[in-house]
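work.txt (compact mmCIF, C-alpha atoms) appears below.
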```txt
# COMPACT_ATOMS: atom_id res chain seq x y z
CA ASP V 1 0.03 13.49 -11.65
CA GLN V 2 2.18 11.53 -9.24
CA GLN V 3 1.87 12.97 -5.74
CA VAL V 4 4.48 10.71 -4.17
CA LYS V 5 7.70 10.16 -6.05
CA GLN V 6 10.59 7.79 -5.58
CA ASN V 7 13.04 8.67 -8.29
CA SER V 8 15.36 5.72 -7.77
CA PRO V 9 13.73 2.53 -9.03
CA SER V 10 16.54 0.43 -7.60
CA LEU V 11 19.44 0.60 -5.15
CA SER V 12 22.27 -1.80 -4.35
CA VAL V 13 24.15 -1.61 -1.07
CA GLN V 14 26.84 -3.73 0.54
CA GLU V 15 25.89 -5.60 3.68
CA GLY V 16 26.72 -3.59 6.80
CA ARG V 17 26.62 -0.25 5.01
CA ILE V 18 23.88 2.35 5.14
CA SER V 19 20.91 2.26 2.75
CA ILE V 20 19.25 5.58 2.01
CA LEU V 21 15.94 5.57 0.20
CA ASN V 22 14.51 8.89 -0.90
CA CYS V 23 10.99 10.12 -1.43
CA ASP V 24 9.48 13.42 -2.58
CA TYR V 25 5.89 14.57 -2.45
CA THR V 26 3.91 17.38 -3.99
CA ASN V 27 0.75 17.62 -1.92
CA SER V 28 1.18 19.99 1.03
CA MET V 29 -1.99 18.53 2.60
CA PHE V 30 -0.23 15.30 3.48
CA ASP V 31 0.12 15.08 7.25
CA TYR V 32 1.51 11.61 7.81
CA PHE V 33 4.13 9.58 5.99
CA LEU V 34 4.80 5.87 6.00
CA TRP V 35 7.32 3.41 4.67
CA TYR V 36 6.25 -0.08 3.66
CA LYS V 37 8.37 -3.05 2.71
CA LYS V 38 7.11 -5.54 0.15
CA TYR V 39 8.28 -8.95 -0.99
CA PRO V 40 7.06 -10.40 -4.32
CA ALA V 41 3.54 -11.85 -4.27
CA GLU V 42 2.92 -10.52 -0.77
CA GLY V 43 1.15 -7.49 0.61
CA PRO V 44 3.16 -4.54 1.94
CA THR V 45 4.32 -4.64 5.54
CA PHE V 46 4.37 -1.47 7.57
CA LEU V 47 7.88 -0.44 8.56
CA ILE V 48 7.98 3.02 10.09
CA SER V 49 6.07 6.28 9.95
CA ILE V 50 6.44 9.94 10.77
CA SER V 51 3.99 12.70 11.50
CA SER V 52 4.35 16.04 9.75
CA ILE V 53 4.99 17.69 13.13
CA LYS V 54 8.26 15.78 13.51
CA ASP V 55 11.44 15.74 11.49
CA LYS V 56 12.85 12.41 12.62
CA ASN V 57 11.62 9.06 13.84
CA GLU V 58 13.83 6.13 14.75
CA ASP V 59 13.03 2.47 15.26
CA GLY V 60 15.99 0.16 15.64
CA ARG V 61 17.96 0.08 12.39
CA PHE V 62 15.39 2.24 10.63
CA THR V 63 15.24 6.02 10.75
CA VAL V 64 12.96 8.27 8.75
CA PHE V 65 13.79 11.93 8.20
CA LEU V 66 11.25 14.50 7.06
CA ASN V 67 12.05 17.88 5.51
CA LYS V 68 8.70 19.61 5.14
CA SER V 69 10.02 22.72 3.44
CA ALA V 70 11.59 20.59 0.74
CA LYS V 71 8.69 18.11 0.70
CA HIS V 72 11.24 15.36 1.04
CA LEU V 73 11.66 12.35 3.26
CA SER V 74 14.21 9.59 3.45
CA LEU V 75 14.53 6.19 5.04
CA HIS V 76 17.89 5.18 6.44
CA ILE V 77 18.68 1.56 7.17
CA VAL V 78 21.87 0.92 9.08
CA PRO V 79 23.46 -1.52 9.10
CA SER V 80 21.88 -3.02 6.00
CA GLN V 81 21.29 -6.76 6.01
CA PRO V 82 20.58 -9.20 3.15
CA GLY V 83 17.08 -9.76 4.58
CA ASP V 84 16.35 -6.10 3.94
CA SER V 85 16.32 -6.80 0.20
CA ALA V 86 12.79 -5.93 -0.91
CA VAL V 87 10.79 -3.18 -2.57
CA TYR V 88 10.28 -0.17 -0.32
CA PHE V 89 7.26 2.03 -0.83
CA CYS V 90 7.01 5.54 0.47
CA ALA V 91 3.43 6.52 1.24
CA ALA V 92 1.61 9.61 2.36
CA ARG V 93 -1.72 10.05 4.02
CA GLN V 94 -4.18 12.78 3.25
CA LYS V 95 -6.08 14.31 6.13
CA THR V 96 -9.50 13.06 5.05
CA SER V 97 -12.17 11.17 6.89
CA TYR V 98 -11.05 7.95 5.27
CA ASP V 99 -7.30 8.32 5.81
CA LYS V 100 -6.52 7.51 2.21
CA VAL V 101 -2.88 6.56 1.61
CA ILE V 102 -1.09 7.36 -1.63
CA PHE V 103 1.91 5.23 -2.56
CA GLY V 104 5.05 6.08 -4.45
CA PRO V 105 6.33 3.80 -7.22
CA GLY V 106 8.75 1.99 -4.94
CA THR V 107 12.50 1.43 -4.78
CA SER V 108 13.91 -2.05 -5.08
CA LEU V 109 16.71 -2.48 -2.55
CA SER V 110 19.32 -5.20 -2.95
CA VAL V 111 21.70 -5.76 -0.06
CA ILE V 112 24.72 -7.66 -1.25
CA PRO V 113 26.36 -10.05 1.21
CA GLY C 1 -0.82 -8.27 15.82
CA ALA C 2 -3.55 -7.28 13.42
CA VAL C 3 -4.05 -9.59 10.48
CA VAL C 4 -5.83 -9.05 7.21
CA SER C 5 -6.72 -12.14 5.25
CA GLN C 6 -7.31 -12.03 1.52
CA HIS C 7 -8.81 -14.88 -0.49
CA PRO C 8 -8.14 -16.33 -2.98
CA SER C 9 -4.42 -15.73 -3.32
CA TRP C 10 -4.40 -16.72 -6.97
CA VAL C 11 -7.15 -17.18 -9.52
CA ILE C 12 -7.14 -18.01 -13.22
CA CYS C 13 -10.34 -17.74 -15.19
CA LYS C 14 -11.72 -17.31 -18.66
CA SER C 15 -12.51 -13.98 -20.20
CA GLY C 16 -16.08 -12.87 -19.53
CA THR C 17 -16.44 -14.44 -16.11
CA SER C 18 -16.80 -12.57 -12.83
CA VAL C 19 -14.36 -13.02 -9.99
CA LYS C 20 -14.93 -12.24 -6.32
CA ILE C 21 -12.07 -11.43 -3.96
CA GLU C 22 -12.60 -11.36 -0.20
CA CYS C 23 -10.79 -9.24 2.35
CA ARG C 24 -11.23 -9.99 6.04
CA SER C 25 -9.89 -8.34 9.14
CA LEU C 26 -9.30 -11.27 11.49
CA ASP C 27 -8.85 -9.69 14.89
CA PHE C 28 -10.12 -6.16 14.62
CA GLN C 29 -13.05 -4.21 13.27
CA ALA C 30 -12.48 -2.23 10.11
CA THR C 31 -14.98 0.47 9.26
CA THR C 32 -12.83 1.33 6.27
CA MET C 33 -11.03 -0.97 3.89
CA PHE C 34 -9.07 -0.04 0.79
CA TRP C 35 -8.61 -1.84 -2.51
CA TYR C 36 -5.42 -1.43 -4.51
CA ARG C 37 -4.19 -2.72 -7.82
CA GLN C 38 -0.57 -3.27 -8.75
CA PHE C 39 0.79 -3.81 -12.23
CA PRO C 40 4.20 -5.48 -12.61
CA LYS C 41 7.04 -3.29 -11.37
CA GLN C 42 4.65 -0.44 -10.64
CA SER C 43 3.22 1.09 -7.52
CA LEU C 44 0.05 0.24 -5.68
CA MET C 45 -2.76 2.22 -7.21
CA LEU C 46 -5.69 2.97 -4.94
CA MET C 47 -8.89 1.86 -6.65
CA ALA C 48 -11.52 2.55 -4.04
CA THR C 49 -12.26 3.11 -0.40
CA SER C 50 -14.77 0.68 1.03
CA ASN C 51 -16.97 1.87 3.87
CA GLU C 52 -18.99 -0.47 6.05
CA GLY C 53 -22.68 -0.06 5.42
CA SER C 54 -22.38 2.49 2.63
CA LYS C 55 -21.29 2.84 -0.97
CA ALA C 56 -17.64 2.67 -1.86
CA THR C 57 -15.74 5.75 -2.95
CA TYR C 58 -13.95 5.14 -6.23
CA GLU C 59 -10.83 6.88 -7.46
CA GLN C 60 -10.87 8.76 -10.72
CA GLY C 61 -10.68 6.47 -13.72
CA VAL C 62 -11.89 3.34 -11.90
CA GLU C 63 -15.11 1.92 -13.32
CA LYS C 64 -17.70 1.41 -10.61
CA ASP C 65 -19.70 -1.08 -12.64
CA LYS C 66 -16.60 -3.06 -13.45
CA PHE C 67 -15.23 -3.31 -9.93
CA LEU C 68 -18.09 -3.89 -7.51
CA ILE C 69 -17.28 -3.39 -3.87
CA ASN C 70 -19.38 -4.55 -0.97
CA HIS C 71 -18.54 -3.91 2.69
CA ALA C 72 -21.37 -5.69 4.47
CA SER C 73 -19.76 -6.07 7.88
CA LEU C 74 -16.99 -4.61 10.00
CA THR C 75 -14.72 -7.51 9.11
CA LEU C 76 -15.44 -8.24 5.46
CA SER C 77 -15.16 -6.38 2.18
CA THR C 78 -15.45 -7.98 -1.25
CA LEU C 79 -14.27 -6.86 -4.65
CA THR C 80 -15.98 -8.39 -7.66
CA VAL C 81 -14.36 -7.96 -11.05
CA THR C 82 -17.30 -8.28 -13.43
CA SER C 83 -17.00 -9.63 -16.96
CA ALA C 84 -13.25 -9.85 -16.57
CA HIS C 85 -10.97 -9.40 -19.56
CA PRO C 86 -7.23 -10.01 -20.01
CA GLU C 87 -6.46 -6.33 -19.30
CA ASP C 88 -7.94 -6.84 -15.82
CA SER C 89 -5.15 -9.27 -15.02
CA SER C 90 -3.24 -7.77 -12.13
CA PHE C 91 -2.31 -8.08 -8.48
CA TYR C 92 -5.14 -6.86 -6.26
CA ILE C 93 -4.42 -5.98 -2.63
CA CYS C 94 -6.74 -4.93 0.15
CA SER C 95 -5.95 -3.14 3.35
CA ALA C 96 -7.86 -2.31 6.49
CA ARG C 97 -7.61 0.10 9.38
CA ASP C 98 -8.51 -0.77 12.93
CA ALA C 99 -11.36 1.58 13.76
CA LEU C 100 -10.33 1.72 17.42
CA SER C 101 -6.63 2.45 17.06
CA ASN C 102 -4.37 4.94 15.36
CA GLN C 103 -2.28 2.25 13.73
CA PRO C 104 -1.52 2.38 10.00
CA GLN C 105 -3.32 0.22 7.51
CA HIS C 106 -2.62 -3.49 7.51
CA PHE C 107 -2.44 -5.20 4.16
CA GLY C 108 -3.57 -8.57 2.93
CA ASP C 109 -1.18 -10.72 0.92
CA GLY C 110 -2.90 -9.90 -2.34
CA THR C 111 -4.70 -11.82 -5.08
CA ARG C 112 -3.02 -12.61 -8.36
CA LEU C 113 -5.76 -12.48 -11.02
CA SER C 114 -5.03 -13.93 -14.45
CA ILE C 115 -7.69 -13.70 -17.15
CA LEU C 116 -7.19 -15.97 -20.15
```

Could I get this file's structure written as C-alpha cells?
Amino acid sequence: DQQVKQNSPSLSVQEGRISILNCDYTNSMFDYFLWYKKYPAEGPTFLISISSIKDKNEDGRFTVFLNKSAKHLSLHIVPSQPGDSAVYFCAARQKTSYDKVIFGPGTSLSVIP
Amino acid sequence: GAVVSQHPSWVICKSGTSVKIECRSLDFQATTMFWYRQFPKQSLMLMATSNEGSKATYEQGVEKDKFLINHASLTLSTLTVTSAHPEDSSFYICSARDALSNQPQHFGDGTRLSIL
C-alpha cells in the first residue's frame, strides 16, 4: 500500500515557465513533508519542506503548498531552469521516535531550453 | 554543510559472496541512520532504521539475516548483503540525521551493487 503517491511519472516544461509537481498521501499521521531532488547515480538532495501546521513554504524559486484536508501537496518551481531537470521525490515523515521518511515514486522533470 | 559519505560507490561481485557497504556522517553525529534500496525507475524503499548501539529496525518484507546492519558508532553504519544473488542487484542509499539539529536527513551518494 503506497502511502505517498506521485501520479505523474514525468513532466516536461519550457524554460522560464512554472513547473508544478503534485503529491498525495494517505497516512493522516504524517506531520512533516519534504521534497528531494535526485540526479542519476547520486543520492537525493533536500530541497524544501513544510510542517503540517503550515499551508505554504517558500524558498527562492521553490514553493511548497500543503492542503491537509485533501492530503495533497505540490511543489512549484518558477521560473523553471534546465538545471532543474531531475527526479523529484515527495516524502513524508511519520511522527515516530526514529523520524522515518516514506518516499513517493518520484516525478522526472525535464525543463526544455 | 552536513555530509554523508557512502563507500563503495560501485561494486561488482560474484553470486554467493558477501558485500559490505559503509555509511559515514562526516561532520555530525548520527544516532539514527537509514538504509534504502532503489530499483530502476522506482522510488527509494526504506529497508531498515539503524540505531547506534542497538539492533536495527527492519521494514516488513526485508530479511534481517540477508541484510545485516551494524551501527557501532555515532558516525558509522554498515550494511552487509550476505550471500548475494543477482536479484540483490540494486542501488543502495543511506541517510543520516544530525542528532543535535532539526534538519532533514542527509543522503549519501549511493552504492550501485551488481551481482553476477

Selected residue of minimal separation from Phe34 (chain C) among V:Met29, V:Ala92, V:Val101, V:Val111, counting all atoms listed in the file: V:Val101

Atom pair CA of Asp99 (chain V) / CA of Phe91 (chain C): separation (Å): 22.3 Å

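You will find CA of Ser12 (chain V) at 18.4 Å from CA of Thr63 (chain V).
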
For region 3-19 of chain V, what centre and edge lengths in Å (one decimal) does the axis-aligned box get once 4 Å is added on each side of all its listed atoms, as lines of an AutoDock Vina configuration file?
```
center_x = 14.4
center_y = 3.7
center_z = -1.1
size_x = 33.0
size_y = 26.6
size_z = 23.8
```

Closest of C:Gly110, C:Gly53, C:Ile12, C:Val81 to Lys38 (chain V) - atom-to-atom distances counting all atoms listed in the file: C:Gly110

Distance criterion (only C-alpha atoms): nearest to chain V out of C:Gln105, C:Thr78, C:Leu113, C:Thr17: C:Gln105

10 Å contact set for Gln6 (chain C), only C-alpha atoms, chain neighbours under 6 positions out, as a VMD selection string: (chain V and resid 43) or (chain C and resid 21 to 25 76 to 78 92 to 95 107 to 111)

Can I get the selection written as a JSON list (two decimals), in the frame of the given file, with C-alpha atoms?
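Now in selection-v5.json:
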```
[["chain", "number", "residue", "atom", "x", "y", "z"],
["V", 43, "GLY", "CA", 1.15, -7.49, 0.61],
["C", 21, "ILE", "CA", -12.07, -11.43, -3.96],
["C", 22, "GLU", "CA", -12.60, -11.36, -0.20],
["C", 23, "CYS", "CA", -10.79, -9.24, 2.35],
["C", 24, "ARG", "CA", -11.23, -9.99, 6.04],
["C", 25, "SER", "CA", -9.89, -8.34, 9.14],
["C", 76, "LEU", "CA", -15.44, -8.24, 5.46],
["C", 77, "SER", "CA", -15.16, -6.38, 2.18],
["C", 78, "THR", "CA", -15.45, -7.98, -1.25],
["C", 92, "TYR", "CA", -5.14, -6.86, -6.26],
["C", 93, "ILE", "CA", -4.42, -5.98, -2.63],
["C", 94, "CYS", "CA", -6.74, -4.93, 0.15],
["C", 95, "SER", "CA", -5.95, -3.14, 3.35],
["C", 107, "PHE", "CA", -2.44, -5.20, 4.16],
["C", 108, "GLY", "CA", -3.57, -8.57, 2.93],
["C", 109, "ASP", "CA", -1.18, -10.72, 0.92],
["C", 110, "GLY", "CA", -2.90, -9.90, -2.34],
["C", 111, "THR", "CA", -4.70, -11.82, -5.08]]
```

Chain V residues near chain C (9 Å cut-off, all atoms listed in the file) as a list in words: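 The contacting residues on chain V are Leu34, Ala41, Glu42, Gly43, Pro44, Thr45, Phe46, Ser49, Phe89, Tyr98, Asp99, Lys100, Val101, Ile102, Phe103, Gly104, Pro105 and Gly106 of chain V.
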
Contacts of Ser89 (chain C) within 6 Å, all atoms listed in the file, excl. fewer than 3 positions in-chain, as number ranges by chain: C: 86, 113-115

Output file for the residues above (C-alpha atoms, as a PDB file, keeping the file's coordinate frame):
```pdb
ATOM      1  CA  PRO C  86      -7.230 -10.010 -20.010  1.00  0.00           C
ATOM      2  CA  LEU C 113      -5.760 -12.480 -11.020  1.00  0.00           C
ATOM      3  CA  SER C 114      -5.030 -13.930 -14.450  1.00  0.00           C
ATOM      4  CA  ILE C 115      -7.690 -13.700 -17.150  1.00  0.00           C
TER       5      ILE C 115
END
```

Nearby residues, (6.7, 1.6, 0.8) file frame, 6 Å, all atoms listed in the file, as a PyMOL selection string: chain V and resi 35-37+88-91

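The space separating CA of His85 (chain C) from CA of Ser15 (chain C) comes to 4.9 Å.
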
Proximity to Phe30 (chain V) - best of V:Gln94, V:Ser10, V:Ser74, V:Ser51, only C-alpha atoms: V:Gln94

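With distances taken over all atoms listed in the file, V:Ser52 is the one residue among V:Ser85, V:Ser80, V:Ser110, V:Ser52 lying closest to Ser28 (chain V).
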
Shortest interatomic distance to Glu52 (chain C) - which of C:Leu74, C:Phe39, C:Ile69, C:Lys20, counting all atoms listed in the file: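 Using all atoms listed in the file, the shortest distance to Glu52 (chain C) belongs to C:Leu74.
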
May I have the residues within 12 Å of Gly16 (chain V) as an mmCIF file with C-alpha atoms, keeping the file's coordinate frame, using only C-alpha atoms and disregarding those fewer than 5 positions away in the same chain?
```
data_model
loop_
_atom_site.group_PDB
_atom_site.id
_atom_site.type_symbol
_atom_site.label_atom_id
_atom_site.label_comp_id
_atom_site.auth_asym_id
_atom_site.auth_seq_id
_atom_site.Cartn_x
_atom_site.Cartn_y
_atom_site.Cartn_z
ATOM 1 C CA ARG V 61 17.960 0.080 12.390
ATOM 2 C CA ILE V 77 18.680 1.560 7.170
ATOM 3 C CA VAL V 78 21.870 0.920 9.080
ATOM 4 C CA PRO V 79 23.460 -1.520 9.100
ATOM 5 C CA SER V 80 21.880 -3.020 6.000
ATOM 6 C CA GLN V 81 21.290 -6.760 6.010
ATOM 7 C CA PRO V 82 20.580 -9.200 3.150
ATOM 8 C CA GLY V 83 17.080 -9.760 4.580
ATOM 9 C CA ASP V 84 16.350 -6.100 3.940
ATOM 10 C CA VAL V 111 21.700 -5.760 -0.060
ATOM 11 C CA ILE V 112 24.720 -7.660 -1.250
ATOM 12 C CA PRO V 113 26.360 -10.050 1.210
#
```

Please determine the residues with any atom at most 7 Å from (13.5, 9.9, -2.3) (coordinates as given in the file, with only C-alpha atoms counting) and report them as a PDB file with C-alpha atoms, keeping the file's coordinate frame.
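Saved result, selection-v9.pdb, follows:
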```pdb
ATOM      1  CA  LYS V   5       7.700  10.160  -6.050  1.00  0.00           C
ATOM      2  CA  GLN V   6      10.590   7.790  -5.580  1.00  0.00           C
ATOM      3  CA  ASN V   7      13.040   8.670  -8.290  1.00  0.00           C
ATOM      4  CA  LEU V  21      15.940   5.570   0.200  1.00  0.00           C
ATOM      5  CA  ASN V  22      14.510   8.890  -0.900  1.00  0.00           C
ATOM      6  CA  CYS V  23      10.990  10.120  -1.430  1.00  0.00           C
ATOM      7  CA  ASP V  24       9.480  13.420  -2.580  1.00  0.00           C
ATOM      8  CA  HIS V  72      11.240  15.360   1.040  1.00  0.00           C
ATOM      9  CA  LEU V  73      11.660  12.350   3.260  1.00  0.00           C
ATOM     10  CA  SER V  74      14.210   9.590   3.450  1.00  0.00           C
TER      11      SER V  74
END
```
